[in-house]
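Below is run.pdb, holding PDB, C-alpha atoms.
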MODEL        1
ATOM      1  CA  MET A   1     -12.327  -4.048  -2.276
ATOM      2  CA  THR A   2     -10.870  -0.572  -2.087
ATOM      3  CA  ARG A   3      -9.415   1.281  -5.053
ATOM      4  CA  GLY A   4      -7.295   4.353  -5.709
ATOM      5  CA  ASN A   5      -9.243   7.403  -6.851
ATOM      6  CA  ASN A   6      -9.594   7.440 -10.649
ATOM      7  CA  ARG A   7      -7.719   4.123 -10.583
ATOM      8  CA  ASN A   8      -4.531   5.898  -9.541
ATOM      9  CA  VAL A   9      -1.613   3.761  -8.358
ATOM     10  CA  VAL A  10      -1.571   3.451  -4.569
ATOM     11  CA  PHE A  11       1.510   1.211  -4.244
ATOM     12  CA  LYS A  12       4.539   2.643  -6.035
ATOM     13  CA  THR A  13       7.287   0.534  -4.469
ATOM     14  CA  ASP A  14       7.670  -2.777  -2.645
ATOM     15  CA  ASN A  15       8.063  -0.798   0.574
ATOM     16  CA  ASP A  16       4.584   0.639   0.063
ATOM     17  CA  TYR A  17       3.134  -2.865  -0.157
ATOM     18  CA  PHE A  18       5.036  -3.939   2.952
ATOM     19  CA  TYR A  19       3.861  -0.851   4.820
ATOM     20  CA  TYR A  20       0.246  -1.723   4.028
ATOM     21  CA  LEU A  21       0.822  -5.286   5.250
ATOM     22  CA  LYS A  22       2.222  -3.928   8.510
ATOM     23  CA  LEU A  23      -0.906  -1.820   8.883
ATOM     24  CA  LEU A  24      -2.978  -4.937   8.320
ATOM     25  CA  GLN A  25      -1.074  -6.650  11.123
ATOM     26  CA  ARG A  26      -1.536  -3.682  13.434
ATOM     27  CA  PHE A  27      -5.287  -3.357  12.935
ATOM     28  CA  LYS A  28      -5.801  -7.111  13.008
ATOM     29  CA  SER A  29      -4.341  -7.082  16.510
ATOM     30  CA  GLU A  30      -6.585  -4.194  17.517
ATOM     31  CA  LEU A  31      -9.865  -5.420  16.042
ATOM     32  CA  ASP A  32      -9.382  -9.203  16.117
ATOM     33  CA  PHE A  33     -10.611 -10.316  12.698
ATOM     34  CA  ASP A  34      -9.769 -13.250  10.448
ATOM     35  CA  LEU A  35      -8.102 -12.595   7.099
ATOM     36  CA  TYR A  36      -8.453 -15.610   4.799
ATOM     37  CA  HIS A  37      -7.311 -14.313   1.406
ATOM     38  CA  TYR A  38      -5.903 -11.053   0.092
ATOM     39  CA  CYS A  39      -4.172  -9.511  -2.885
ATOM     40  CA  LEU A  40      -2.578  -6.081  -3.062
ATOM     41  CA  MET A  41      -2.625  -4.782  -6.631
ATOM     42  CA  PRO A  42      -0.958  -1.574  -7.851
ATOM     43  CA  ASN A  43      -4.168   0.457  -7.667
ATOM     44  CA  HIS A  44      -6.524  -1.581  -5.492
ATOM     45  CA  VAL A  45      -6.813  -4.107  -2.673
ATOM     46  CA  HIS A  46      -8.856  -7.311  -2.364
ATOM     47  CA  MET A  47      -9.445  -8.986   1.004
ATOM     48  CA  LEU A  48     -11.655 -11.792   2.288
ATOM     49  CA  ILE A  49     -12.246 -10.972   5.947
ATOM     50  CA  GLN A  50     -14.472 -12.136   8.793
ATOM     51  CA  THR A  51     -15.053  -9.831  11.760
ATOM     52  CA  LYS A  52     -16.773 -10.703  15.007
ATOM     53  CA  LYS A  53     -19.062  -7.670  14.669
ATOM     54  CA  SER A  54     -20.292  -6.162  11.419
ATOM     55  CA  LYS A  55     -19.393  -2.642  12.545
ATOM     56  CA  ASP A  56     -15.772  -3.712  13.069
ATOM     57  CA  PHE A  57     -15.281  -4.169   9.335
ATOM     58  CA  SER A  58     -16.263  -0.587   8.538
ATOM     59  CA  LEU A  59     -14.062   0.628  11.390
ATOM     60  CA  PHE A  60     -11.125  -1.417  10.122
ATOM     61  CA  MET A  61     -11.467  -0.108   6.564
ATOM     62  CA  LYS A  62     -11.737   3.458   7.808
ATOM     63  CA  LYS A  63      -8.604   3.095   9.937
ATOM     64  CA  ILE A  64      -6.401   1.359   7.386
ATOM     65  CA  ASN A  65      -7.452   3.615   4.511
ATOM     66  CA  LEU A  66      -6.732   6.722   6.560
ATOM     67  CA  ALA A  67      -3.426   5.415   7.936
ATOM     68  CA  TYR A  68      -2.170   4.416   4.509
ATOM     69  CA  PHE A  69      -3.286   7.716   2.992
ATOM     70  CA  HIS A  70      -1.175   9.585   5.582
ATOM     71  CA  HIS A  71       1.819   7.393   4.695
ATOM     72  CA  PHE A  72       1.383   8.060   0.974
ATOM     73  CA  ARG A  73       0.906  11.791   1.485
ATOM     74  CA  ARG A  74       4.043  12.097   3.619
ATOM     75  CA  LYS A  75       6.136  10.040   1.229
ATOM     76  CA  TYR A  76       4.983  11.443  -2.104
ATOM     77  CA  GLY A  77       3.414  14.805  -1.261
ATOM     78  CA  TRP A  78       0.016  13.664  -2.475
ATOM     79  CA  ILE A  79      -2.696  16.329  -2.583
ATOM     80  CA  GLY A  80      -6.362  15.593  -3.131
ATOM     81  CA  HIS A  81      -8.734  12.659  -2.850
ATOM     82  CA  PHE A  82      -6.816   9.379  -2.532
ATOM     83  CA  TRP A  83      -9.294   6.483  -2.315
ATOM     84  CA  GLN A  84     -12.156   6.131  -4.764
ATOM     85  CA  ASP A  85     -15.499   6.526  -2.996
ATOM     86  CA  ARG A  86     -16.266   4.105  -0.170
ATOM     87  CA  PHE A  87     -14.849   0.609  -0.129
ATOM     88  CA  LYS A  88     -16.976  -2.113  -1.718
ATOM     89  CA  SER A  89     -17.963  -5.173   0.290
ATOM     90  CA  GLN A  90     -20.062  -8.255  -0.359
ATOM     91  CA  PRO A  91     -21.087 -10.967   2.136
ATOM     92  CA  VAL A  92     -19.726 -14.425   1.323
ATOM     93  CA  GLY A  93     -21.323 -17.531   2.804
ATOM     94  CA  LYS A  94     -19.220 -20.315   4.282
ATOM     95  CA  ASP A  95     -19.786 -22.778   1.467
ATOM     96  CA  GLU A  96     -17.818 -23.892  -1.580
ATOM     97  CA  TYR A  97     -18.016 -20.337  -2.952
ATOM     98  CA  PHE A  98     -15.772 -19.171  -0.118
ATOM     99  CA  ILE A  99     -12.636 -20.799  -1.475
ATOM    100  CA  GLN A 100     -13.693 -19.845  -5.012
ATOM    101  CA  CYS A 101     -13.704 -16.225  -3.898
ATOM    102  CA  GLY A 102     -10.183 -16.688  -2.551
ATOM    103  CA  LYS A 103      -9.124 -18.180  -5.865
ATOM    104  CA  TYR A 104     -10.522 -15.175  -7.726
ATOM    105  CA  ILE A 105      -8.619 -12.810  -5.443
ATOM    106  CA  GLU A 106      -5.270 -14.580  -5.819
ATOM    107  CA  LEU A 107      -5.516 -14.866  -9.610
ATOM    108  CA  ASN A 108      -5.768 -11.102 -10.101
ATOM    109  CA  PRO A 109      -2.052 -10.546 -10.862
ATOM    110  CA  VAL A 110      -2.096 -13.275 -13.527
ATOM    111  CA  ARG A 111      -5.286 -11.983 -15.106
ATOM    112  CA  LYS A 112      -3.826  -8.517 -15.343
ATOM    113  CA  GLY A 113      -0.566  -9.762 -16.842
ATOM    114  CA  LEU A 114       1.606  -8.608 -13.943
ATOM    115  CA  VAL A 115       3.183 -12.034 -13.429
ATOM    116  CA  LYS A 116       3.298 -15.345 -15.248
ATOM    117  CA  LYS A 117       2.587 -17.447 -12.174
ATOM    118  CA  PRO A 118       0.553 -16.508  -9.074
ATOM    119  CA  GLU A 119       3.445 -17.490  -6.789
ATOM    120  CA  ASN A 120       5.567 -14.765  -8.349
ATOM    121  CA  TRP A 121       3.301 -12.037  -6.994
ATOM    122  CA  HIS A 122       4.715 -11.352  -3.547
ATOM    123  CA  PHE A 123       1.726  -9.497  -2.158
ATOM    124  CA  SER A 124      -1.068 -12.043  -1.998
ATOM    125  CA  SER A 125      -2.084 -15.014   0.125
ATOM    126  CA  TYR A 126      -1.360 -17.575  -2.611
ATOM    127  CA  ASN A 127       2.046 -18.685  -1.295
ATOM    128  CA  PHE A 128       0.587 -19.101   2.187
ATOM    129  CA  TYR A 129      -1.629 -21.903   0.875
ATOM    130  CA  THR A 130       0.788 -23.525  -1.566
ATOM    131  CA  ASN A 131       4.084 -23.014   0.295
ATOM    132  CA  THR A 132       5.713 -22.072  -3.005
ATOM    133  CA  ASN A 133       8.417 -19.466  -3.487
ATOM    134  CA  ASN A 134       9.256 -19.387   0.209
ATOM    135  CA  THR A 135      11.994 -16.825  -0.315
ATOM    136  CA  ASN A 136       9.284 -14.256  -1.016
ATOM    137  CA  THR A 137       7.153 -15.126   1.991
ATOM    138  CA  ASN A 138       7.799 -13.459   5.336
ATOM    139  CA  ASN A 139       6.544 -13.973   8.866
ATOM    140  CA  THR A 140       4.433 -10.821   8.778
ATOM    141  CA  LYS A 141       2.350 -12.121   5.909
ATOM    142  CA  ASP A 142       2.041 -15.625   7.368
ATOM    143  CA  SER A 143       0.945 -14.333  10.754
ATOM    144  CA  LEU A 144      -1.728 -12.224   9.095
ATOM    145  CA  LEU A 145      -3.662 -15.136   7.684
ATOM    146  CA  THR A 146      -6.190 -17.624   8.954
ATOM    147  CA  LYS A 147      -6.506 -20.680   6.746
ATOM    148  CA  ASP A 148      -9.648 -20.860   4.661
ATOM    149  CA  PHE A 149     -12.009 -23.123   6.612
ATOM    150  CA  LEU A 150     -12.495 -25.319   3.525
ATOM    151  CA  TYR A 151      -8.748 -25.739   3.011
ATOM    152  CA  PRO A 152      -8.369 -28.715   5.424
ATOM    153  CA  GLU A 153     -11.087 -30.553   3.483
ATOM    154  CA  LEU A 154      -9.128 -30.515   0.222
ATOM    155  CA  GLU A 155      -6.902 -33.462   1.195
ATOM    156  CA  GLU A 156      -5.767 -35.425   4.246
ATOM    157  CA  THR A 157      -2.194 -34.128   4.593
ATOM    158  CA  ASP A 158      -0.664 -30.653   4.438
ATOM    159  CA  ASP A 159       1.483 -31.526   1.441
ATOM    160  CA  ALA A 160      -1.473 -32.971  -0.469
ATOM    161  CA  ARG A 161      -3.586 -29.923   0.379
ATOM    162  CA  ARG A 162      -0.933 -27.562  -0.951
ATOM    163  CA  LYS A 163      -0.711 -29.503  -4.202
ATOM    164  CA  GLN A 164      -4.485 -29.682  -4.557
ATOM    165  CA  TYR A 165      -4.872 -25.954  -3.938
ATOM    166  CA  GLN A 166      -2.209 -25.256  -6.543
ATOM    167  CA  LYS A 167      -4.071 -27.531  -8.971
ATOM    168  CA  ILE A 168      -7.299 -25.593  -8.345
ATOM    169  CA  ILE A 169      -5.574 -22.365  -9.331
ATOM    170  CA  ILE A 170      -3.854 -23.915 -12.352
ATOM    171  CA  ASP A 171      -7.130 -25.429 -13.544
ATOM    172  CA  GLU A 172      -8.728 -22.005 -13.473
ATOM    173  CA  ILE A 173      -6.001 -20.578 -15.707
ATOM    174  CA  VAL A 174      -6.290 -23.580 -18.022
ATOM    175  CA  LYS A 175     -10.033 -23.055 -18.200
ATOM    176  CA  ALA A 176      -9.582 -19.395 -19.096
ATOM    177  CA  ASP A 177      -6.998 -20.131 -21.758
ATOM    178  CA  ASN A 178      -8.453 -23.428 -22.995
ATOM    179  CA  LYS A 179      -5.073 -25.157 -22.804
ATOM    180  CA  ARG A 180      -3.913 -28.308 -21.053
ATOM    181  CA  ASN A 181      -0.781 -26.882 -19.473
ATOM    182  CA  VAL A 182       0.136 -23.364 -18.398
ATOM    183  CA  TRP A 183       2.759 -21.608 -16.307
ATOM    184  CA  GLY A 184       2.758 -23.097 -12.843
ATOM    185  CA  SER A 185       1.724 -26.597 -13.923
ATOM    186  CA  PRO A 186       4.257 -29.391 -13.386
ATOM    187  CA  GLU A 187       4.846 -29.859 -17.117
ATOM    188  CA  GLU A 188       5.008 -26.191 -18.150
ATOM    189  CA  ARG A 189       4.944 -27.128 -21.819
ATOM    190  CA  TYR A 190       3.654 -23.728 -22.890
ATOM    191  CA  ASN A 191       6.651 -21.714 -21.769
ATOM    192  CA  GLU A 192       7.989 -20.644 -25.151
ATOM    193  CA  LYS A 193       8.601 -16.919 -25.250
ATOM    194  CA  ASP A 194       6.275 -16.195 -28.174
ATOM    195  CA  LYS A 195       3.395 -18.018 -26.513
ATOM    196  CA  GLU A 196       3.965 -16.085 -23.285
ATOM    197  CA  ILE A 197       3.768 -12.781 -25.140
ATOM    198  CA  LYS A 198       0.599 -13.773 -27.016
ATOM    199  CA  TYR A 199      -1.042 -15.006 -23.811
ATOM    200  CA  PHE A 200      -0.503 -11.845 -21.805
ATOM    201  CA  LYS A 201      -1.436  -9.554 -24.654
ATOM    202  CA  ARG A 202      -4.691 -11.447 -24.996
ATOM    203  CA  HIS A 203      -5.499 -11.515 -21.281
ATOM    204  CA  LYS A 204      -4.075  -8.225 -20.051
ATOM    205  CA  ASN A 205      -7.344  -6.276 -20.006
ATOM    206  CA  ASN A 206     -10.050  -8.924 -20.292
ATOM    207  CA  VAL A 207     -11.184  -8.938 -16.660
ATOM    208  CA  SER A 208     -13.270  -6.294 -14.958
ATOM    209  CA  LEU A 209     -12.780  -6.419 -11.210
ATOM    210  CA  ARG A 210     -15.689  -6.233  -8.847
TER     211      ARG A 210
ENDMDL
END

This entry written out as structure tokens:
Amino acid sequence: MTRGNNRNVVFKTDNDYFYYLKLLQRFKSELDFDLYHYCLMPNHVHMLIQTKKSKDFSLFMKKINLAYFHHFRRKYGWIGHFWQDRFKSQPVGKDEYFIQCGKYIELNPVRKGLVKKPENWHFSSYNFYTNTNNTNTNNTKDSLLTKDFLYPELEETDDARRKQYQKIIIDEIVKADNKRNVWGSPEERYNEKDKEIKYFKRHKNNVSLR
């Protein structure tokens, strides 16, 4: 994870997010790594990445952080320290925790109250796995990603896998809210406006990101 200094916003417009994704594509081609899950948030970035050499990850983070800083400085006249300290990284074994880590990453926008459904956040890997909201998915983002190695084991067919992955995400939101149905579930019985407002007020700041 990498975060803006003092939690400052690092993506001010959609074009900023898309620029960062283009940088991801560029450095992925240069350094040949696998990106399984990601989420770009207004003031920080989460990625689940596997590189062929451990040193390549540090090199990648150095390059993309510097390249994006130059973009932000040119565009907004930024002066001063941009990223907060060094990026944070944690090894993740290739077991059931791997896909759980991806789930955590993709649920960030919902936890923070930025969107009602994970598919409505355009700058994460969620739609890649569920094939939802295709109008917000572009070839750049799809070509960035390598499918989580546990994803094929969820079900036998692509359609069943997409539905099962969506259920995994929905179940996590249900668990957090202790309700049977939430936004994104097939029934969507809890979509009354007053319940939406109460939900996001309650959950807006209840998660501390690692």

Expand the PyMOL selection byres ((chain A and resi 156-167) around 7) into the individual residues it matches in the shown file, reporting them as a CSV table (one decimal) with C-alpha atoms, in the frame of the given file.
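Below you can see result04.csv, which holds the result:
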chain,number,residue,atom,x,y,z
A,129,TYR,CA,-1.6,-21.9,0.9
A,130,THR,CA,0.8,-23.5,-1.6
A,131,ASN,CA,4.1,-23.0,0.3
A,154,LEU,CA,-9.1,-30.5,0.2
A,155,GLU,CA,-6.9,-33.5,1.2
A,168,ILE,CA,-7.3,-25.6,-8.3
A,169,ILE,CA,-5.6,-22.4,-9.3
A,170,ILE,CA,-3.9,-23.9,-12.4
A,171,ASP,CA,-7.1,-25.4,-13.5

Exercise. What is the distance, in Å and to one decimal place, between CA of Lys117 in chain A and CA of Lys103 in chain A?
Worked result: 13.3 Å

Exercise. Which residues match the PyMOL selection byres ((chain A and resi 37-51) around 6) in the file above, as an MDAnalysis selection string?
Worked result: chainID A and resid 1:4 7:11 33:36 52:53 102 106 123:125

Exercise. What do you get, as a list in words, if you spell out every residue that the PyMOL selection byres ((chain A and resi 19) around 12) selects here?
Worked result: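 Applied to this file, the PyMOL selection byres ((chain A and resi 19) around 12) returns Val10, Phe11, Lys12, Thr13, Asp14, Asn15, Asp16, Tyr17, Phe18, Tyr20, Leu21, Lys22, Leu23, Leu24, Gln25, Arg26, Leu40, Ile64, Ala67, Tyr68, Phe69, His70, His71, Phe72, Lys75, Phe123, Thr140 and Lys141 of chain A.
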
Exercise. Between A:Asn65, A:Gln100, A:Thr146, A:Ser29, which has the minimum distance to His81 in chain A (counting all atoms listed in the file)?
Worked result: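 When distances to His81 in chain A are compared using all atoms listed in the file, the smallest one comes from A:Asn65.
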
Problem set entry | Atomic separation - CA of Asp32 in chain A relative to CA of Lys55 in chain A, Å |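 The value is 12.5 Å.
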
Exercise. In Å, how far is it from CA of Phe27 in chain A to CA of Val115 in chain A?
Worked result: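 Interatomic distance here is 29.0 Å.
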
For this session: Name the closest residue to Leu144 in chain A among the candidates A:Lys28, A:His122, A:Arg73, A:Lys62; distances are taken between atoms, counting all atoms listed in the file.
Result: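 Counting all atoms listed in the file, the residue closest to Leu144 in chain A is A:Lys28.
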